[in-house]
Amino acid sequence: MRKLLIAAAAWAILSGTAHAVPDDKTRDTIKALKFTKANAYAKAIDSYCFADHPFATQPLADAAQQEAEFRQEIGEQEKATDIIADADRMAAEHLKVDQSACAPAASFVEGVVATIDDAKQPMEAIKQSLAEAKAAQEKAALAEKRNTTCRELQSRADAANLENLVPLRMPLLDCADVLGVDNIAKVDKRIEGMRAEQKAADEAKAKQQTAATGEVARKTEAAAAETKKPTPPPSSNKAADVAAIMAKPATKPAAKPAQAGMEFVGKWDQVDGNCRGRLWDLNTKSYDGTPVTNIERNGNNFRVELSDGYSFALRNVTNRTLTWYSLESGDSFSLKRCR
């Protein structure tokens, strides 16, 4: 009857459904096994009870090892070896101090050993059930990991711009079983909207650039047109000053030698050099009362700058003749040195 109960309990797990954690029937069946305890008492009997034959056998040890591994799987202890060691210690301590327990212990061991053959198939069923439960647990863990990965991917997509969202589309499509089959349609709609916004922004930027380029071209053309306009004659009174000089009565001053390197220095008239016409007093200090600030020479030509910004040129200067030329008005006069 005992053998039938053990076998029936073991076979009961075959109809159970494996879960991530072994079901109650599987747990109860494993806890009902006595092979580890019987193996421990068999070794204790051999050590302390002076039995007429050895009780510890290899088939019993194998069954005990299998049971310990089952108990490890359901979390009774971390290692099967610890389960066996604890059972051995308890049995040894019991029989070592209580010889009267040897006979009941021997009867217990013999009863369990008698169930080994009948329990082989149920033990295989337990092993398969635990493997299925472990596989289901691993599958559930992978599913949870996938769920977390897909949710994190969706969070990244929600915060992404167009450039970063497009590469996430295919991974999001693979997560349809987690995020929902209609999720990818929402993503596509969002991408379409972002592309439309980007296109509108690009077109607006292009229009701004075109307008800016046109404005630059317009200003350039206006500047070029302004440059081409004829320069109006300067509003200077130098022409009037020249006329006033020419209107002065001619006097014949004594001729002085020209300063070294400045052949134009001296008195000049516009007629024949006899100083009977309009006199021109050219020197390096002043011109018609206005101080000279700079004189530049280029061969027989001179450029004279005055302190008021006015300038004129003396061209083709010789000991006897030169040409006075206004750089602003373009007026020119041929002069001869006074003799």
# chains A, B, ... in the order shown; residues from 1 in each chain; ligands from 1
call {"tool": "residues_around", "arguments": {"residues": "region 261-270 of chain A", "least_positions_apart": "5", "cutoff": "7 Å", "atoms": "only C-alpha atoms", "output": "list in words"}}
result
Ala255, Lys256, Cys275, Gly277, Arg278, Leu279, Trp280, Asp281, Leu282, Asn283, Val317, Thr318, Asn319, Ser334, Leu335, Lys336, Arg337 and Cys338 of chain A
call {"tool": "residues_around", "arguments": {"residues": "Trp324 (chain A)", "least_positions_apart": "2", "cutoff": "10 Å", "atoms": "only C-alpha atoms", "output": "list in words"}}
result
Trp280, Phe302, Phe312, Ala313, Leu314, Arg315, Asn316, Val317, Thr321, Leu322, Ser326, Leu327, Asp331, Ser332, Phe333, Ser334 and Leu335 of chain A
call {"tool": "select_by_dssp", "arguments": {"residues": "region 63-282 of chain A", "states": "alpha helix (DSSP H)", "output": "NGL selection string"}}
result
:A and (63-73 or 80-97 or 102-113 or 116-159 or 162-165 or 169-174 or 176-179 or 183-228 or 238-247)
call {"tool": "residues_around", "arguments": {"residues": "Ala91 (chain A)", "least_positions_apart": "4", "cutoff": "7 Å", "atoms": "only C-alpha atoms", "output": "short mmCIF file (atom, residue, chain, number, x, y, z; two decimals) with N, CA and C atoms, in the first residue's frame"}}
result
data_model
loop_
_atom_site.label_atom_id
_atom_site.label_comp_id
_atom_site.auth_asym_id
_atom_site.auth_seq_id
_atom_site.Cartn_x
_atom_site.Cartn_y
_atom_site.Cartn_z
N ALA A 40 20.64 8.10 4.42
CA ALA A 40 21.39 8.56 5.59
C ALA A 40 21.32 7.53 6.73
N TYR A 41 20.13 6.98 6.97
CA TYR A 41 19.99 5.98 8.04
C TYR A 41 20.69 4.68 7.67
N ALA A 44 24.17 5.17 8.61
CA ALA A 44 24.30 5.21 10.07
C ALA A 44 24.16 3.81 10.67
N ALA A 87 21.21 15.38 6.22
CA ALA A 87 20.50 14.12 6.53
C ALA A 87 21.45 13.11 7.16
N LEU A 95 21.33 7.48 15.77
CA LEU A 95 21.67 6.09 16.06
C LEU A 95 22.91 5.96 16.94
#
call {"tool": "residues_around", "arguments": {"residues": "Arg169 (chain A)", "least_positions_apart": "2", "cutoff": "8 Å", "atoms": "only C-alpha atoms", "output": "PyMOL selection string"}}
result
chain A and resi 165-167+171-173+184+187-188
call {"tool": "write_last_selection", "arguments": {"atoms": "N, CA and C atoms", "output": "compact mmCIF listing (two decimals), in the first residue's frame"}}
result
# COMPACT_ATOMS: atom_id res chain seq x y z
N LEU A 165 14.24 59.29 -34.95
CA LEU A 165 13.04 58.46 -34.89
C LEU A 165 12.99 57.45 -36.04
N VAL A 166 13.41 57.88 -37.23
CA VAL A 166 13.31 57.00 -38.41
C VAL A 166 14.06 55.68 -38.20
N PRO A 167 15.31 55.68 -37.67
CA PRO A 167 16.00 54.39 -37.46
C PRO A 167 15.32 53.49 -36.43
N PRO A 171 12.82 48.52 -35.29
CA PRO A 171 12.77 47.90 -33.96
C PRO A 171 11.39 48.03 -33.31
N LEU A 172 10.72 49.16 -33.52
CA LEU A 172 9.37 49.32 -32.97
C LEU A 172 8.39 48.36 -33.63
N LEU A 173 8.58 48.12 -34.93
CA LEU A 173 7.72 47.17 -35.63
C LEU A 173 7.90 45.76 -35.06
N ILE A 184 2.74 50.97 -34.66
CA ILE A 184 3.60 51.38 -35.78
C ILE A 184 2.87 52.38 -36.67
N VAL A 187 3.41 55.65 -35.16
CA VAL A 187 4.79 56.10 -35.40
C VAL A 187 4.92 56.65 -36.82
N ASP A 188 4.34 55.93 -37.80
CA ASP A 188 4.40 56.38 -39.19
C ASP A 188 3.71 57.74 -39.36
call {"tool": "atom_distance", "arguments": {"atom1": "CA of Gln99 (chain A)", "atom2": "CA of Ala38 (chain A)"}}
result
16.9 Å
call {"tool": "residues_around", "arguments": {"residues": "Lys186 (chain A)", "least_positions_apart": "6", "cutoff": "12 Å", "atoms": "only C-alpha atoms", "output": "list of chain:residue names"}}
result
A:Gln154, A:Ala157, A:Asp158, A:Arg169, A:Leu172, A:Leu173, A:Ala176, A:Leu179, A:Gly180, A:Glu192, A:Gly193
call {"tool": "write_last_selection", "arguments": {"atoms": "C-alpha atoms", "output": "mmCIF file, in the first residue's frame"}}
result
data_model
loop_
_atom_site.group_PDB
_atom_site.id
_atom_site.type_symbol
_atom_site.label_atom_id
_atom_site.label_comp_id
_atom_site.auth_asym_id
_atom_site.auth_seq_id
_atom_site.Cartn_x
_atom_site.Cartn_y
_atom_site.Cartn_z
ATOM 1 C CA GLN A 154 9.057 53.420 -27.127
ATOM 2 C CA ALA A 157 10.958 57.127 -29.772
ATOM 3 C CA ASP A 158 8.562 59.451 -27.953
ATOM 4 C CA ARG A 169 10.853 52.343 -36.830
ATOM 5 C CA LEU A 172 9.369 49.319 -32.970
ATOM 6 C CA LEU A 173 7.717 47.169 -35.630
ATOM 7 C CA ALA A 176 4.299 45.021 -32.110
ATOM 8 C CA LEU A 179 3.367 47.687 -27.888
ATOM 9 C CA GLY A 180 0.304 46.769 -29.947
ATOM 10 C CA GLU A 192 4.950 61.935 -41.737
ATOM 11 C CA GLY A 193 3.989 64.976 -39.677
#
call {"tool": "closest_residue", "arguments": {"among": "A:Arg276, A:Ala211, A:Gly330, A:Phe55", "to": "Gly111 (chain A)", "atoms": "only C-alpha atoms"}}
result
A:Phe55
call {"tool": "atom_distance", "arguments": {"atom1": "CA of Ala223 (chain A)", "atom2": "CA of Gln208 (chain A)"}}
result
22.4 Å
call {"tool": "closest_residue", "arguments": {"among": "A:Leu162, A:Ile74, A:Arg303, A:Lys205", "to": "Lys189 (chain A)", "atoms": "only C-alpha atoms"}}
result
A:Leu162
call {"tool": "closest_residue", "arguments": {"among": "A:Asp46, A:Ala119, A:Met90, A:Glu305", "to": "Glu328 (chain A)", "atoms": "only C-alpha atoms"}}
result
A:Glu305
call {"tool": "atom_distance", "arguments": {"atom1": "CA of Thr284 (chain A)", "atom2": "CA of Ser311 (chain A)"}}
result
13.1 Å
call {"tool": "decode", "arguments": {"residues": "region 104-150 of chain A", "atoms": "N, CA and C atoms", "output": "PDB file, in the first residue's frame"}}
result
ATOM      1  N   PRO A 104      13.983  -0.082  14.250  1.00  0.00           N
ATOM      2  CA  PRO A 104      13.021   0.711  13.465  1.00  0.00           C
ATOM      3  C   PRO A 104      13.668   1.377  12.249  1.00  0.00           C
ATOM      4  N   ALA A 105      14.911   1.819  12.404  1.00  0.00           N
ATOM      5  CA  ALA A 105      15.600   2.461  11.284  1.00  0.00           C
ATOM      6  C   ALA A 105      15.825   1.471  10.160  1.00  0.00           C
ATOM      7  N   ALA A 106      16.203   0.243  10.517  1.00  0.00           N
ATOM      8  CA  ALA A 106      16.433  -0.776   9.496  1.00  0.00           C
ATOM      9  C   ALA A 106      15.143  -1.095   8.763  1.00  0.00           C
ATOM     10  N   SER A 107      14.030  -1.180   9.504  1.00  0.00           N
ATOM     11  CA  SER A 107      12.737  -1.446   8.879  1.00  0.00           C
ATOM     12  C   SER A 107      12.354  -0.313   7.920  1.00  0.00           C
ATOM     13  N   PHE A 108      12.628   0.934   8.335  1.00  0.00           N
ATOM     14  CA  PHE A 108      12.327   2.102   7.496  1.00  0.00           C
ATOM     15  C   PHE A 108      13.135   2.069   6.199  1.00  0.00           C
ATOM     16  N   VAL A 109      14.418   1.743   6.330  1.00  0.00           N
ATOM     17  CA  VAL A 109      15.281   1.714   5.146  1.00  0.00           C
ATOM     18  C   VAL A 109      14.824   0.627   4.183  1.00  0.00           C
ATOM     19  N   GLU A 110      14.512  -0.548   4.702  1.00  0.00           N
ATOM     20  CA  GLU A 110      14.086  -1.641   3.834  1.00  0.00           C
ATOM     21  C   GLU A 110      12.799  -1.292   3.089  1.00  0.00           C
ATOM     22  N   GLY A 111      11.877  -0.600   3.777  1.00  0.00           N
ATOM     23  CA  GLY A 111      10.625  -0.218   3.129  1.00  0.00           C
ATOM     24  C   GLY A 111      10.847   0.774   1.990  1.00  0.00           C
ATOM     25  N   VAL A 112      11.746   1.728   2.189  1.00  0.00           N
ATOM     26  CA  VAL A 112      12.012   2.729   1.140  1.00  0.00           C
ATOM     27  C   VAL A 112      12.746   2.097  -0.032  1.00  0.00           C
ATOM     28  N   VAL A 113      13.711   1.219   0.284  1.00  0.00           N
ATOM     29  CA  VAL A 113      14.469   0.558  -0.784  1.00  0.00           C
ATOM     30  C   VAL A 113      13.533  -0.244  -1.681  1.00  0.00           C
ATOM     31  N   ALA A 114      12.501  -0.800  -1.105  1.00  0.00           N
ATOM     32  CA  ALA A 114      11.558  -1.611  -1.883  1.00  0.00           C
ATOM     33  C   ALA A 114      10.795  -0.783  -2.909  1.00  0.00           C
ATOM     34  N   THR A 115      10.773   0.551  -2.764  1.00  0.00           N
ATOM     35  CA  THR A 115      10.025   1.406  -3.702  1.00  0.00           C
ATOM     36  C   THR A 115      10.904   1.966  -4.827  1.00  0.00           C
ATOM     37  N   ILE A 116      12.193   1.690  -4.792  1.00  0.00           N
ATOM     38  CA  ILE A 116      13.107   2.325  -5.757  1.00  0.00           C
ATOM     39  C   ILE A 116      12.724   2.001  -7.188  1.00  0.00           C
ATOM     40  N   ASP A 117      12.505   0.730  -7.485  1.00  0.00           N
ATOM     41  CA  ASP A 117      12.200   0.350  -8.868  1.00  0.00           C
ATOM     42  C   ASP A 117      10.885   0.968  -9.340  1.00  0.00           C
ATOM     43  N   ASP A 118       9.877   0.938  -8.469  1.00  0.00           N
ATOM     44  CA  ASP A 118       8.583   1.497  -8.862  1.00  0.00           C
ATOM     45  C   ASP A 118       8.634   3.023  -9.012  1.00  0.00           C
ATOM     46  N   ALA A 119       9.594   3.664  -8.355  1.00  0.00           N
ATOM     47  CA  ALA A 119       9.658   5.136  -8.372  1.00  0.00           C
ATOM     48  C   ALA A 119      10.504   5.698  -9.517  1.00  0.00           C
ATOM     49  N   LYS A 120      11.155   4.802 -10.273  1.00  0.00           N
ATOM     50  CA  LYS A 120      12.037   5.309 -11.332  1.00  0.00           C
ATOM     51  C   LYS A 120      11.283   6.150 -12.362  1.00  0.00           C
ATOM     52  N   GLN A 121      10.168   5.626 -12.845  1.00  0.00           N
ATOM     53  CA  GLN A 121       9.420   6.372 -13.855  1.00  0.00           C
ATOM     54  C   GLN A 121       8.820   7.659 -13.278  1.00  0.00           C
ATOM     55  N   PRO A 122       8.211   7.606 -12.088  1.00  0.00           N
ATOM     56  CA  PRO A 122       7.730   8.861 -11.495  1.00  0.00           C
ATOM     57  C   PRO A 122       8.854   9.872 -11.239  1.00  0.00           C
ATOM     58  N   MET A 123      10.041   9.385 -10.887  1.00  0.00           N
ATOM     59  CA  MET A 123      11.169  10.298 -10.677  1.00  0.00           C
ATOM     60  C   MET A 123      11.549  10.998 -11.984  1.00  0.00           C
ATOM     61  N   GLU A 124      11.484  10.246 -13.093  1.00  0.00           N
ATOM     62  CA  GLU A 124      11.746  10.863 -14.391  1.00  0.00           C
ATOM     63  C   GLU A 124      10.685  11.914 -14.713  1.00  0.00           C
ATOM     64  N   ALA A 125       9.454  11.609 -14.301  1.00  0.00           N
ATOM     65  CA  ALA A 125       8.373  12.573 -14.527  1.00  0.00           C
ATOM     66  C   ALA A 125       8.605  13.852 -13.726  1.00  0.00           C
ATOM     67  N   ILE A 126       9.091  13.690 -12.489  1.00  0.00           N
ATOM     68  CA  ILE A 126       9.413  14.867 -11.679  1.00  0.00           C
ATOM     69  C   ILE A 126      10.508  15.686 -12.356  1.00  0.00           C
ATOM     70  N   LYS A 127      11.516  14.975 -12.846  1.00  0.00           N
ATOM     71  CA  LYS A 127      12.623  15.659 -13.514  1.00  0.00           C
ATOM     72  C   LYS A 127      12.120  16.459 -14.722  1.00  0.00           C
ATOM     73  N   GLN A 128      11.237  15.830 -15.504  1.00  0.00           N
ATOM     74  CA  GLN A 128      10.700  16.520 -16.679  1.00  0.00           C
ATOM     75  C   GLN A 128       9.842  17.719 -16.274  1.00  0.00           C
ATOM     76  N   SER A 129       9.057  17.542 -15.233  1.00  0.00           N
ATOM     77  CA  SER A 129       8.198  18.628 -14.767  1.00  0.00           C
ATOM     78  C   SER A 129       9.024  19.823 -14.296  1.00  0.00           C
ATOM     79  N   LEU A 130      10.104  19.545 -13.565  1.00  0.00           N
ATOM     80  CA  LEU A 130      10.970  20.636 -13.101  1.00  0.00           C
ATOM     81  C   LEU A 130      11.665  21.325 -14.274  1.00  0.00           C
ATOM     82  N   ALA A 131      12.064  20.520 -15.271  1.00  0.00           N
ATOM     83  CA  ALA A 131      12.708  21.117 -16.447  1.00  0.00           C
ATOM     84  C   ALA A 131      11.735  22.030 -17.185  1.00  0.00           C
ATOM     85  N   GLU A 132      10.485  21.568 -17.300  1.00  0.00           N
ATOM     86  CA  GLU A 132       9.477  22.396 -17.965  1.00  0.00           C
ATOM     87  C   GLU A 132       9.193  23.663 -17.165  1.00  0.00           C
ATOM     88  N   ALA A 133       9.157  23.514 -15.851  1.00  0.00           N
ATOM     89  CA  ALA A 133       8.917  24.687 -15.009  1.00  0.00           C
ATOM     90  C   ALA A 133      10.069  25.688 -15.133  1.00  0.00           C
ATOM     91  N   LYS A 134      11.290  25.148 -15.176  1.00  0.00           N
ATOM     92  CA  LYS A 134      12.452  26.024 -15.323  1.00  0.00           C
ATOM     93  C   LYS A 134      12.445  26.717 -16.677  1.00  0.00           C
ATOM     94  N   ALA A 135      12.082  25.946 -17.721  1.00  0.00           N
ATOM     95  CA  ALA A 135      12.009  26.537 -19.060  1.00  0.00           C
ATOM     96  C   ALA A 135      10.935  27.621 -19.115  1.00  0.00           C
ATOM     97  N   ALA A 136       9.802  27.341 -18.453  1.00  0.00           N
ATOM     98  CA  ALA A 136       8.736  28.345 -18.423  1.00  0.00           C
ATOM     99  C   ALA A 136       9.181  29.589 -17.675  1.00  0.00           C
ATOM    100  N   GLN A 137       9.937  29.376 -16.603  1.00  0.00           N
ATOM    101  CA  GLN A 137      10.436  30.515 -15.832  1.00  0.00           C
ATOM    102  C   GLN A 137      11.411  31.348 -16.666  1.00  0.00           C
ATOM    103  N   GLU A 138      12.302  30.670 -17.396  1.00  0.00           N
ATOM    104  CA  GLU A 138      13.249  31.382 -18.255  1.00  0.00           C
ATOM    105  C   GLU A 138      12.517  32.117 -19.378  1.00  0.00           C
ATOM    106  N   LYS A 139      11.486  31.458 -19.922  1.00  0.00           N
ATOM    107  CA  LYS A 139      10.697  32.092 -20.977  1.00  0.00           C
ATOM    108  C   LYS A 139      10.000  33.345 -20.454  1.00  0.00           C
ATOM    109  N   ALA A 140       9.465  33.232 -19.237  1.00  0.00           N
ATOM    110  CA  ALA A 140       8.801  34.390 -18.636  1.00  0.00           C
ATOM    111  C   ALA A 140       9.797  35.520 -18.385  1.00  0.00           C
ATOM    112  N   ALA A 141      11.015  35.138 -17.959  1.00  0.00           N
ATOM    113  CA  ALA A 141      12.039  36.156 -17.718  1.00  0.00           C
ATOM    114  C   ALA A 141      12.429  36.852 -19.016  1.00  0.00           C
ATOM    115  N   LEU A 142      12.563  36.060 -20.088  1.00  0.00           N
ATOM    116  CA  LEU A 142      12.884  36.649 -21.391  1.00  0.00           C
ATOM    117  C   LEU A 142      11.754  37.556 -21.874  1.00  0.00           C
ATOM    118  N   ALA A 143      10.518  37.097 -21.631  1.00  0.00           N
ATOM    119  CA  ALA A 143       9.373  37.917 -22.035  1.00  0.00           C
ATOM    120  C   ALA A 143       9.355  39.238 -21.272  1.00  0.00           C
ATOM    121  N   GLU A 144       9.664  39.176 -19.983  1.00  0.00           N
ATOM    122  CA  GLU A 144       9.698  40.397 -19.181  1.00  0.00           C
ATOM    123  C   GLU A 144      10.823  41.321 -19.646  1.00  0.00           C
ATOM    124  N   LYS A 145      11.959  40.713 -19.975  1.00  0.00           N
ATOM    125  CA  LYS A 145      13.078  41.512 -20.482  1.00  0.00           C
ATOM    126  C   LYS A 145      12.713  42.167 -21.807  1.00  0.00           C
ATOM    127  N   ARG A 146      12.038  41.398 -22.680  1.00  0.00           N
ATOM    128  CA  ARG A 146      11.614  41.954 -23.963  1.00  0.00           C
ATOM    129  C   ARG A 146      10.600  43.075 -23.751  1.00  0.00           C
ATOM    130  N   ASN A 147       9.697  42.861 -22.812  1.00  0.00           N
ATOM    131  CA  ASN A 147       8.705  43.887 -22.511  1.00  0.00           C
ATOM    132  C   ASN A 147       9.388  45.174 -22.070  1.00  0.00           C
ATOM    133  N   THR A 148      10.373  45.039 -21.183  1.00  0.00           N
ATOM    134  CA  THR A 148      11.097  46.216 -20.697  1.00  0.00           C
ATOM    135  C   THR A 148      11.856  46.892 -21.832  1.00  0.00           C
ATOM    136  N   THR A 149      12.509  46.077 -22.676  1.00  0.00           N
ATOM    137  CA  THR A 149      13.272  46.632 -23.797  1.00  0.00           C
ATOM    138  C   THR A 149      12.374  47.409 -24.748  1.00  0.00           C
ATOM    139  N   CYS A 150      11.223  46.834 -25.067  1.00  0.00           N
ATOM    140  CA  CYS A 150      10.304  47.499 -26.000  1.00  0.00           C
ATOM    141  C   CYS A 150       9.734  48.781 -25.396  1.00  0.00           C
TER     142      CYS A 150
END
